[in-house]
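Shown here: work-v7.cif, mmCIF, C-alpha atoms and all ligand atoms; chains and numbers go by the auth columns.
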```
data_run
#
loop_
_atom_site.group_PDB
_atom_site.id
_atom_site.type_symbol
_atom_site.label_atom_id
_atom_site.label_comp_id
_atom_site.label_asym_id
_atom_site.label_seq_id
_atom_site.Cartn_x
_atom_site.Cartn_y
_atom_site.Cartn_z
_atom_site.B_iso_or_equiv
_atom_site.auth_seq_id
_atom_site.auth_asym_id
ATOM 1 C CA MET A 1 0.000 0.000 0.000 0.00 1 M
ATOM 2 C CA VAL A 2 1.222 3.485 -0.777 0.00 2 M
ATOM 3 C CA GLY A 3 2.082 5.550 2.301 0.00 3 M
ATOM 4 C CA THR A 4 -0.017 8.673 2.902 0.00 4 M
ATOM 5 C CA ASP A 5 3.120 10.798 2.474 0.00 5 M
ATOM 6 C CA GLN A 6 4.368 8.955 -0.617 0.00 6 M
ATOM 7 C CA HIS A 7 3.810 9.687 -4.285 0.00 7 M
ATOM 8 C CA LEU A 8 2.390 6.910 -6.387 0.00 8 M
ATOM 9 C CA VAL A 9 4.146 6.801 -9.755 0.00 9 M
ATOM 10 C CA LEU A 10 2.898 4.855 -12.766 0.00 10 M
ATOM 11 C CA VAL A 11 5.479 3.836 -15.354 0.00 11 M
ATOM 12 C CA GLY A 12 5.209 1.629 -18.422 0.00 12 M
ATOM 13 C CA MET A 13 5.122 1.560 -22.187 0.00 13 M
ATOM 14 C CA MET A 14 3.116 3.889 -24.378 0.00 14 M
ATOM 15 C CA GLY A 15 -0.476 2.720 -24.624 0.00 15 M
ATOM 16 C CA VAL A 16 -0.485 0.689 -21.430 0.00 16 M
ATOM 17 C CA GLY A 17 -3.061 2.997 -19.813 0.00 17 M
ATOM 18 C CA LYS A 18 -1.004 5.115 -17.408 0.00 18 M
ATOM 19 C CA SER A 19 -3.092 8.243 -17.961 0.00 19 M
ATOM 20 C CA THR A 20 -6.458 6.478 -17.726 0.00 20 M
ATOM 21 C CA VAL A 21 -5.511 4.381 -14.713 0.00 21 M
ATOM 22 C CA GLY A 22 -3.742 7.367 -13.151 0.00 22 M
ATOM 23 C CA ARG A 23 -6.831 9.572 -13.448 0.00 23 M
ATOM 24 C CA ILE A 24 -9.062 7.029 -11.697 0.00 24 M
ATOM 25 C CA VAL A 25 -6.499 6.147 -9.013 0.00 25 M
ATOM 26 C CA ALA A 26 -5.999 9.864 -8.299 0.00 26 M
ATOM 27 C CA GLU A 27 -9.746 10.355 -7.912 0.00 27 M
ATOM 28 C CA ARG A 28 -10.008 7.353 -5.618 0.00 28 M
ATOM 29 C CA LEU A 29 -7.111 8.540 -3.437 0.00 29 M
ATOM 30 C CA ARG A 30 -8.297 12.168 -3.683 0.00 30 M
ATOM 31 C CA ARG A 31 -4.907 13.241 -4.922 0.00 31 M
ATOM 32 C CA PRO A 32 -3.773 15.481 -7.738 0.00 32 M
ATOM 33 C CA LEU A 33 -2.739 13.742 -10.945 0.00 33 M
ATOM 34 C CA LEU A 34 0.545 14.945 -12.422 0.00 34 M
ATOM 35 C CA ASP A 35 0.941 13.770 -16.008 0.00 35 M
ATOM 36 C CA SER A 36 4.470 14.347 -17.296 0.00 36 M
ATOM 37 C CA ASP A 37 3.497 14.917 -20.956 0.00 37 M
ATOM 38 C CA GLN A 38 0.843 17.399 -19.872 0.00 38 M
ATOM 39 C CA MET A 39 3.314 19.188 -17.588 0.00 39 M
ATOM 40 C CA ILE A 40 5.729 19.459 -20.510 0.00 40 M
ATOM 41 C CA GLU A 41 3.045 20.916 -22.777 0.00 41 M
ATOM 42 C CA GLU A 42 2.004 23.432 -20.118 0.00 42 M
ATOM 43 C CA ARG A 43 5.583 24.453 -19.445 0.00 43 M
ATOM 44 C CA THR A 44 6.673 24.880 -23.059 0.00 44 M
ATOM 45 C CA GLY A 45 3.395 25.961 -24.653 0.00 45 M
ATOM 46 C CA GLN A 46 4.107 23.344 -27.333 0.00 46 M
ATOM 47 C CA THR A 47 2.676 19.908 -27.925 0.00 47 M
ATOM 48 C CA VAL A 48 4.889 16.859 -27.458 0.00 48 M
ATOM 49 C CA ARG A 49 4.906 16.393 -31.233 0.00 49 M
ATOM 50 C CA GLU A 50 5.888 20.024 -31.836 0.00 50 M
ATOM 51 C CA ILE A 51 8.846 19.700 -29.459 0.00 51 M
ATOM 52 C CA PHE A 52 10.056 16.522 -31.173 0.00 52 M
ATOM 53 C CA GLU A 53 9.697 18.146 -34.589 0.00 53 M
ATOM 54 C CA ALA A 54 11.174 21.541 -33.773 0.00 54 M
ATOM 55 C CA ASP A 55 13.874 20.709 -31.235 0.00 55 M
ATOM 56 C CA GLY A 56 14.379 16.937 -31.409 0.00 56 M
ATOM 57 C CA GLU A 57 14.159 14.114 -28.906 0.00 57 M
ATOM 58 C CA PRO A 58 17.104 15.209 -26.685 0.00 58 M
ATOM 59 C CA ALA A 59 15.390 18.568 -26.037 0.00 59 M
ATOM 60 C CA PHE A 60 12.167 16.755 -25.176 0.00 60 M
ATOM 61 C CA ARG A 61 14.038 14.406 -22.802 0.00 61 M
ATOM 62 C CA ALA A 62 15.652 17.351 -21.023 0.00 62 M
ATOM 63 C CA VAL A 63 12.286 18.953 -20.229 0.00 63 M
ATOM 64 C CA GLU A 64 10.961 15.506 -19.287 0.00 64 M
ATOM 65 C CA THR A 65 13.671 15.165 -16.625 0.00 65 M
ATOM 66 C CA GLU A 66 12.839 18.628 -15.272 0.00 66 M
ATOM 67 C CA VAL A 67 9.129 17.950 -14.898 0.00 67 M
ATOM 68 C CA LEU A 68 9.667 14.463 -13.467 0.00 68 M
ATOM 69 C CA CYS A 69 11.997 15.807 -10.774 0.00 69 M
ATOM 70 C CA GLU A 70 9.608 18.644 -10.064 0.00 70 M
ATOM 71 C CA ALA A 71 6.687 16.229 -9.702 0.00 71 M
ATOM 72 C CA LEU A 72 8.694 13.944 -7.399 0.00 72 M
ATOM 73 C CA ASP A 73 9.776 16.952 -5.311 0.00 73 M
ATOM 74 C CA SER A 74 6.271 18.285 -4.834 0.00 74 M
ATOM 75 C CA SER A 75 5.235 18.271 -1.195 0.00 75 M
ATOM 76 C CA THR A 76 1.621 17.190 -1.808 0.00 76 M
ATOM 77 C CA PRO A 77 1.434 13.413 -2.264 0.00 77 M
ATOM 78 C CA ALA A 78 0.292 12.904 -5.844 0.00 78 M
ATOM 79 C CA VAL A 79 -0.343 10.272 -8.454 0.00 79 M
ATOM 80 C CA ILE A 80 2.280 10.757 -11.157 0.00 80 M
ATOM 81 C CA ALA A 81 1.660 9.347 -14.634 0.00 81 M
ATOM 82 C CA ALA A 82 5.194 9.305 -16.030 0.00 82 M
ATOM 83 C CA ALA A 83 5.539 9.013 -19.814 0.00 83 M
ATOM 84 C CA GLY A 84 6.931 5.824 -21.322 0.00 84 M
ATOM 85 C CA GLY A 85 10.438 7.128 -21.914 0.00 85 M
ATOM 86 C CA VAL A 86 11.245 8.410 -18.421 0.00 86 M
ATOM 87 C CA VAL A 87 13.211 5.298 -17.556 0.00 87 M
ATOM 88 C CA LEU A 88 15.730 5.866 -20.358 0.00 88 M
ATOM 89 C CA ALA A 89 17.808 8.447 -18.471 0.00 89 M
ATOM 90 C CA GLU A 90 19.818 7.174 -15.563 0.00 90 M
ATOM 91 C CA ALA A 91 19.182 10.443 -13.703 0.00 91 M
ATOM 92 C CA ASN A 92 15.444 9.787 -13.925 0.00 92 M
ATOM 93 C CA ARG A 93 15.820 6.225 -12.697 0.00 93 M
ATOM 94 C CA ARG A 94 17.843 7.485 -9.756 0.00 94 M
ATOM 95 C CA ALA A 95 15.204 10.115 -9.011 0.00 95 M
ATOM 96 C CA LEU A 96 12.459 7.479 -9.159 0.00 96 M
ATOM 97 C CA THR A 97 14.196 5.027 -6.844 0.00 97 M
ATOM 98 C CA GLY A 98 15.452 7.744 -4.493 0.00 98 M
ATOM 99 C CA ALA A 99 12.190 9.625 -4.071 0.00 99 M
ATOM 100 C CA ASN A 100 9.600 9.085 -1.414 0.00 100 M
ATOM 101 C CA ALA A 101 7.444 7.206 -3.895 0.00 101 M
ATOM 102 C CA LYS A 102 5.980 3.840 -4.737 0.00 102 M
ATOM 103 C CA VAL A 103 6.626 3.055 -8.363 0.00 103 M
ATOM 104 C CA VAL A 104 4.165 0.783 -10.133 0.00 104 M
ATOM 105 C CA TRP A 105 5.088 -0.669 -13.511 0.00 105 M
ATOM 106 C CA LEU A 106 2.026 -1.302 -15.638 0.00 106 M
ATOM 107 C CA SER A 107 3.278 -4.074 -17.875 0.00 107 M
ATOM 108 C CA ALA A 108 1.723 -5.423 -21.045 0.00 108 M
ATOM 109 C CA ASP A 109 2.574 -7.684 -23.904 0.00 109 M
ATOM 110 C CA PRO A 110 3.637 -5.518 -26.892 0.00 110 M
ATOM 111 C CA SER A 111 0.921 -7.030 -29.105 0.00 111 M
ATOM 112 C CA VAL A 112 -1.701 -5.613 -26.731 0.00 112 M
ATOM 113 C CA LEU A 113 -0.089 -2.173 -26.912 0.00 113 M
ATOM 114 C CA VAL A 114 0.038 -1.976 -30.687 0.00 114 M
ATOM 115 C CA GLU A 115 -3.733 -1.712 -31.040 0.00 115 M
ATOM 116 C CA ARG A 116 -3.911 1.018 -28.437 0.00 116 M
ATOM 117 C CA VAL A 117 -1.121 3.339 -29.500 0.00 117 M
ATOM 118 C CA LEU A 118 -2.505 4.185 -32.899 0.00 118 M
ATOM 119 C CA SER A 119 -4.836 6.771 -31.397 0.00 119 M
ATOM 120 C CA GLY A 120 -3.562 10.109 -30.123 0.00 120 M
ATOM 121 C CA GLY A 121 -1.019 12.354 -31.791 0.00 121 M
ATOM 122 C CA HIS A 122 1.614 12.666 -29.090 0.00 122 M
ATOM 123 C CA ARG A 123 3.714 9.656 -30.116 0.00 123 M
ATOM 124 C CA PRO A 124 5.902 10.751 -33.026 0.00 124 M
ATOM 125 C CA LEU A 125 8.364 7.938 -32.331 0.00 125 M
ATOM 126 C CA LEU A 126 5.720 5.507 -33.577 0.00 126 M
ATOM 127 C CA ASP A 127 4.920 7.270 -36.848 0.00 127 M
ATOM 128 C CA ASP A 128 6.818 4.653 -38.842 0.00 128 M
ATOM 129 C CA ASP A 129 6.434 0.948 -38.121 0.00 129 M
ATOM 130 C CA PRO A 130 4.579 1.230 -34.786 0.00 130 M
ATOM 131 C CA GLU A 131 4.630 -2.489 -34.099 0.00 131 M
ATOM 132 C CA GLY A 132 8.342 -3.029 -34.793 0.00 132 M
ATOM 133 C CA THR A 133 9.284 0.128 -32.895 0.00 133 M
ATOM 134 C CA LEU A 134 7.204 -0.858 -29.893 0.00 134 M
ATOM 135 C CA ARG A 135 8.754 -4.322 -29.822 0.00 135 M
ATOM 136 C CA ARG A 136 12.251 -2.888 -29.958 0.00 136 M
ATOM 137 C CA MET A 137 11.418 -0.353 -27.249 0.00 137 M
ATOM 138 C CA PHE A 138 9.947 -3.089 -25.116 0.00 138 M
ATOM 139 C CA THR A 139 13.184 -5.100 -25.301 0.00 139 M
ATOM 140 C CA THR A 140 15.308 -2.090 -24.332 0.00 140 M
ATOM 141 C CA ARG A 141 13.046 -0.762 -21.657 0.00 141 M
ATOM 142 C CA GLU A 142 11.747 -3.837 -19.896 0.00 142 M
ATOM 143 C CA PRO A 143 14.825 -4.184 -17.646 0.00 143 M
ATOM 144 C CA LEU A 144 14.684 -0.452 -16.909 0.00 144 M
ATOM 145 C CA TYR A 145 11.048 -0.551 -15.784 0.00 145 M
ATOM 146 C CA ARG A 146 11.919 -3.579 -13.689 0.00 146 M
ATOM 147 C CA GLU A 147 14.838 -1.704 -12.125 0.00 147 M
ATOM 148 C CA VAL A 148 12.653 1.157 -10.844 0.00 148 M
ATOM 149 C CA ALA A 149 9.482 -0.779 -9.981 0.00 149 M
ATOM 150 C CA ASP A 150 8.354 -1.490 -6.432 0.00 150 M
ATOM 151 C CA LEU A 151 5.392 -3.367 -7.846 0.00 151 M
ATOM 152 C CA ILE A 152 4.542 -4.868 -11.230 0.00 152 M
ATOM 153 C CA VAL A 153 0.920 -4.971 -12.364 0.00 153 M
ATOM 154 C CA SER A 154 0.167 -6.789 -15.605 0.00 154 M
ATOM 155 C CA VAL A 155 -2.668 -5.251 -17.583 0.00 155 M
ATOM 156 C CA ASP A 156 -2.971 -8.146 -20.056 0.00 156 M
ATOM 157 C CA GLY A 157 -6.563 -9.372 -20.198 0.00 157 M
ATOM 158 C CA ARG A 158 -7.628 -7.035 -17.400 0.00 158 M
ATOM 159 C CA SER A 159 -10.230 -4.292 -17.463 0.00 159 M
ATOM 160 C CA VAL A 160 -9.276 -0.755 -16.417 0.00 160 M
ATOM 161 C CA ASN A 161 -11.178 -1.283 -13.163 0.00 161 M
ATOM 162 C CA ASP A 162 -9.276 -4.480 -12.391 0.00 162 M
ATOM 163 C CA VAL A 163 -5.994 -2.690 -12.985 0.00 163 M
ATOM 164 C CA VAL A 164 -7.073 0.200 -10.744 0.00 164 M
ATOM 165 C CA GLU A 165 -7.994 -2.227 -7.955 0.00 165 M
ATOM 166 C CA ALA A 166 -4.670 -4.041 -8.312 0.00 166 M
ATOM 167 C CA VAL A 167 -2.753 -0.756 -8.091 0.00 167 M
ATOM 168 C CA LEU A 168 -4.728 0.362 -5.041 0.00 168 M
ATOM 169 C CA ARG A 169 -4.240 -2.944 -3.260 0.00 169 M
HETATM 170 C C1 LIG B . 7.196 8.415 -25.257 0.00 201 T
HETATM 171 C C2 LIG B . 5.954 8.296 -24.665 0.00 201 T
HETATM 172 C C3 LIG B . 4.892 9.308 -24.832 0.00 201 T
HETATM 173 C C4 LIG B . 5.488 10.686 -25.092 0.00 201 T
HETATM 174 C C5 LIG B . 6.480 10.649 -26.213 0.00 201 T
HETATM 175 C C6 LIG B . 7.613 9.630 -26.007 0.00 201 T
HETATM 176 C C7 LIG B . 8.176 7.290 -25.115 0.00 201 T
HETATM 177 O O1 LIG B . 4.060 9.351 -23.662 0.00 201 T
HETATM 178 O O2 LIG B . 6.132 11.167 -23.934 0.00 201 T
HETATM 179 O O3 LIG B . 5.789 10.341 -27.407 0.00 201 T
HETATM 180 O O4 LIG B . 9.354 7.446 -25.487 0.00 201 T
HETATM 181 O O5 LIG B . 7.775 6.214 -24.611 0.00 201 T
HETATM 182 P P1 LIG B . 3.044 8.148 -23.210 0.00 201 T
HETATM 183 O O6 LIG B . 3.842 7.092 -22.527 0.00 201 T
HETATM 184 O O7 LIG B . 2.096 8.832 -22.293 0.00 201 T
HETATM 185 O O8 LIG B . 2.397 7.666 -24.467 0.00 201 T
#
```

Show me this structure written as structure tokens.
Ligand code: S3P
Amino acid sequence: MVGTDQHLVLVGMMGVGKSTVGRIVAERLRRPLLDSDQMIEERTGQTVREIFEADGEPAFRAVETEVLCEALDSSTPAVIAAAGGVVLAEANRRALTGANAKVVWLSADPSVLVERVLSGGHRPLLDDDPEGTLRRMFTTREPLYREVADLIVSVDGRSVNDVVEAVLR
């Protein structure tokens, strides 16, 4: 169970349901939801896609680290929906494991994710060959999610409500 003074952080691949699950869990715990992509868009006044296109992925990752650290530093215990790529930077992984936070990895088989990621415009990395890209990302990132996770919740074959209950338990 997450401590009353601890953040609850959701990590996992694009399309796994971090934002949806995060919104419901935040409502249930009566906590603010901090969504890293949304924080980035508010901070920069640009969409995720615009940042990738205008400034490139490294610039996006730099702002991502800033907002993640800011979210983890916030004094009000929150639910933090961290975007799929936050585990790539070692500094972020250190921040996640060092913070007063419970990190939940929402895991899914890549074939389940492929159907889900085709909606929404904030995933420029998947513009070409979404399935192959997701599979490659999964291979690279799986050990990184595992490294930061306090708890692993599989979403395969589960409804959103089941996943929410599993996270809350
Ligand atoms: C990314 C995930 C996206 C978004 C960007 C890059 C990634 O967020 O930050 O397209 O590298 O996994 P979601 O995980 O919310 O889709």

For this session: Find, counting all atoms listed in the file, the residue in M:Gly132, M:Gly22, M:Pro77, M:Pro58 that gets nearest to Val2 of chain M.
Result: M:Pro77

Seminar exercise, completed: Across M:Arg30, M:Ala166, M:Asp150, M:His122, the smallest distance to Glu53 of chain M, with all atoms listed in the file counted, is shown by M:His122

Got a sec to check which residues lie within 6 Å of ligand LIG 201 (chain T), using only C-alpha atoms and all ligand atoms, and send them as an mmCIF file with C-alpha atoms, in the frame of the given file?
```cif
data_model
loop_
_atom_site.group_PDB
_atom_site.id
_atom_site.type_symbol
_atom_site.label_atom_id
_atom_site.label_comp_id
_atom_site.auth_asym_id
_atom_site.auth_seq_id
_atom_site.Cartn_x
_atom_site.Cartn_y
_atom_site.Cartn_z
ATOM 1 C CA MET M 13 5.122 1.560 -22.187
ATOM 2 C CA MET M 14 3.116 3.889 -24.378
ATOM 3 C CA GLY M 15 -0.476 2.720 -24.624
ATOM 4 C CA ASP M 37 3.497 14.917 -20.956
ATOM 5 C CA ALA M 83 5.539 9.013 -19.814
ATOM 6 C CA GLY M 84 6.931 5.824 -21.322
ATOM 7 C CA GLY M 85 10.438 7.128 -21.914
ATOM 8 C CA HIS M 122 1.614 12.666 -29.090
ATOM 9 C CA ARG M 123 3.714 9.656 -30.116
ATOM 10 C CA PRO M 124 5.902 10.751 -33.026
#
```

For this session: For the file shown, report as a VMD selection string the outcome of the PyMOL selection byres (((chain M and resi 144) around 10) and not hetatm) at residue level.
Result: chain M and resid 12 86 to 90 93 138 to 143 145 to 149

Exercise. How would you write as a ChimeraX atom specification the residues that get within 10 Å of (8.1, 17.8, 0.4) in the file's frame, counting all atoms listed in the file?
Worked result: /M:5-6,72-77,100

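With all atoms listed in the file as the basis for measurement, M:Glu41 is the residue among M:Val103, M:Leu113, M:Glu41, M:Pro32 that approaches Val67 of chain M most closely.
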
Please evaluate the PyMOL selection byres (((chain M and resi 10) around 8) and not hetatm) against the displayed coordinates and give the resulting residues as a compact mmCIF listing (two decimals) with C-alpha atoms, in the frame of the given file.
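Okay, selection.txt is ready:
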```
# COMPACT_ATOMS: atom_id res chain seq x y z
CA LEU M 8 2.39 6.91 -6.39
CA VAL M 9 4.15 6.80 -9.76
CA VAL M 11 5.48 3.84 -15.35
CA GLY M 12 5.21 1.63 -18.42
CA LYS M 18 -1.00 5.12 -17.41
CA GLY M 22 -3.74 7.37 -13.15
CA VAL M 79 -0.34 10.27 -8.45
CA ILE M 80 2.28 10.76 -11.16
CA ALA M 81 1.66 9.35 -14.63
CA ALA M 82 5.19 9.30 -16.03
CA VAL M 103 6.63 3.06 -8.36
CA VAL M 104 4.16 0.78 -10.13
CA TRP M 105 5.09 -0.67 -13.51
CA LEU M 106 2.03 -1.30 -15.64
```

Can you sort out the box for segment 148-151 of chain M, edges along x, y and z, all listed atoms in, 5 Å on every side, with centre and edge lengths in Å to one decimal, as AutoDock Vina command-line options?
```
--center_x 9.0 --center_y -1.1 --center_z -8.6 --size_x 17.3 --size_y 14.5 --size_z 14.4
```

Seminar exercise, completed: Students should find that atom CA of Ser107 of chain M and atom CA of Asn92 of chain M are spaced 18.9 Å

For this session: Rank nothing, just name the residue among M:Val167, M:Val48, M:Ala91, M:Leu29 nearest to Ala78 of chain M, using all atoms listed in the file.
Result: M:Leu29

Exercise. Pick the closest to His7 of chain M from M:Ser19, M:Ser159, M:Thr97, M:Ser111: which is it, counting all atoms listed in the file?
Worked result: M:Thr97

Exercise. Distance atom CA of Ala108 of chain M-atom CA of Ser154 of chain M, one decimal place?
Worked result: 5.8 Å

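Coordinates place atom CA of Cys69 of chain M at a distance of 28.0 Å from atom CA of Arg116 of chain M.
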
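Checking M:Leu96, M:Arg136, M:Pro110, M:Leu126 one by one against Val16 of chain M, counting all atoms listed in the file, you find the shortest gap at M:Pro110.
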
Exercise. Any idea what's packed within 10 Å of Glu70 of chain M, counting all atoms listed in the file, ignoring anything in its chain fewer than 5 positions away? Could you give it as a PyMOL selection string?
Worked result: chain M and resi 36+39+64-65+75
